[in-house]
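A short write-up of the structure that comes next.
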Amino acid sequence: CGTDCIIGMDCEMVGVGPSNKAALARVSLVDYHGRVVFDRFVQPEEPITDYRTRWSGVTPRCMKGALKFKKARRQVLKLIKDKILVGHAISHDLKALKIPRSTLVIRDTSTSIALRRMAGFPLNSTPSLKKLAAAILNQHIQQDTHCSVEDSTTAMQLYRTVEGEWDKPGQSCRDNKKYFDDDFWPEWLHPPPIECS
């Protein structure tokens with residue numbers, strides 16, 4: 001499986017409806033080299049009640065020209081089909097996109113033991129993308145707010161530092177799906193629920 005079958009993803013969320021639940025407001029995809037493949041704001045299916053701008057970077061102005069949710073989801077599905085999907089705590093992004101994780105080959109940097117070891121973090125911890133980026137890449141991200149392009153690019157860079165630990169030569173993308181999917185690992189490796197990636 002070459003680098004053309006690897007894609008990074010990150011999403012930003014806003015609060016919607018009476019309960020202010022998290023909903024997709026931006027989705028960004030980058031290729032193996034960090035080049036942007038897709039980056040669009042998305043109009044949630046319910047009214048926005050909290051833009052969460054401090055964390056999401058989303059403002060009312062961003063929603064002008066935003067894609068309808070169903071259209072954005074269709075485009076994302078087309079781009080990630082038969083790809084290895086890289087991200088940090090990516091299950092939250094997939095939930096927001098209403099995409100079953102069982103249909104994908106996932107490389108989640110939040111559950112990587114190799115990255116924790118490289119960063120010098122406890123192996124039973126779940127370090128944030130920001131902490132991993134600082135420790136391993138010497139990059140200081142999410143300074144003022146979150147940006148899904150920055151976060152997806154950073155996750156891809158982290159993945160590339162330990163790619164050999166994940167993807168052994170001679171194995172196809174699908175051959176090692178069970179071993180590398182998060183549900184193979186103990187429960188303590190799973191990241192805690194978060195509202196906004």
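The way I read the labels, and the way they are meant: chains A, B, ... in the order of the structure tokens, residue 1 as the first residue of every chain, and ligand 1 as the first ligand shown, with later ones counted on from there.
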Sorted per-residue table, stretch 6-40 of chain A near stretch 136-153 of chain A, closest atoms and distance, 7 Å, only C-alpha atoms, as a tab-separated table:
residue	atom	partner	partner_atom	distance
A:Gly8	CA	A:Ser152	CA	5.4
A:Met9	CA	A:Ser152	CA	5.0
A:Asp10	CA	A:Ser152	CA	4.9
A:Cys11	CA	A:Ser148	CA	5.5
A:Glu12	CA	A:Ser148	CA	6.2
A:Val27	CA	A:Ser148	CA	6.7
A:Ser28	CA	A:Val149	CA	5.5
A:Leu29	CA	A:Ser152	CA	6.8
A:Val30	CA	A:Thr153	CA	6.4
A:Gly34	CA	A:Thr153	CA	5.1
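Coordinates place atom CA of A:Ile7 at a distance of 17.5 Å from atom CA of A:Glu165.
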Exercise. Any idea what's packed within 12 Å of A:Pro47, counting only C-alpha atoms, ignoring anything in its chain fewer than 2 positions away? Could you give it as a VMD selection string?
Worked result: chain A and resid 14 to 25 43 to 45 49 to 51 60 63
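Minimum distance to A:Val105 across A:Trp166, A:Trp55, A:Tyr32, A:Phe41 (counting only C-alpha atoms) occurs at A:Trp166.
Distances to A:Arg26 were evaluated for A:Arg74, A:Ile80, A:Ile6, A:Leu97 using only C-alpha atoms, and the minimum falls at A:Leu97.
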For this session: From a DSSP calculation on the backbone, collect every residue of stretch 33-121 of chain A in strand (DSSP E) and output the set as a ChimeraX atom specification.
Result: /A:36-43,48-50,67-68,84-87,105-108
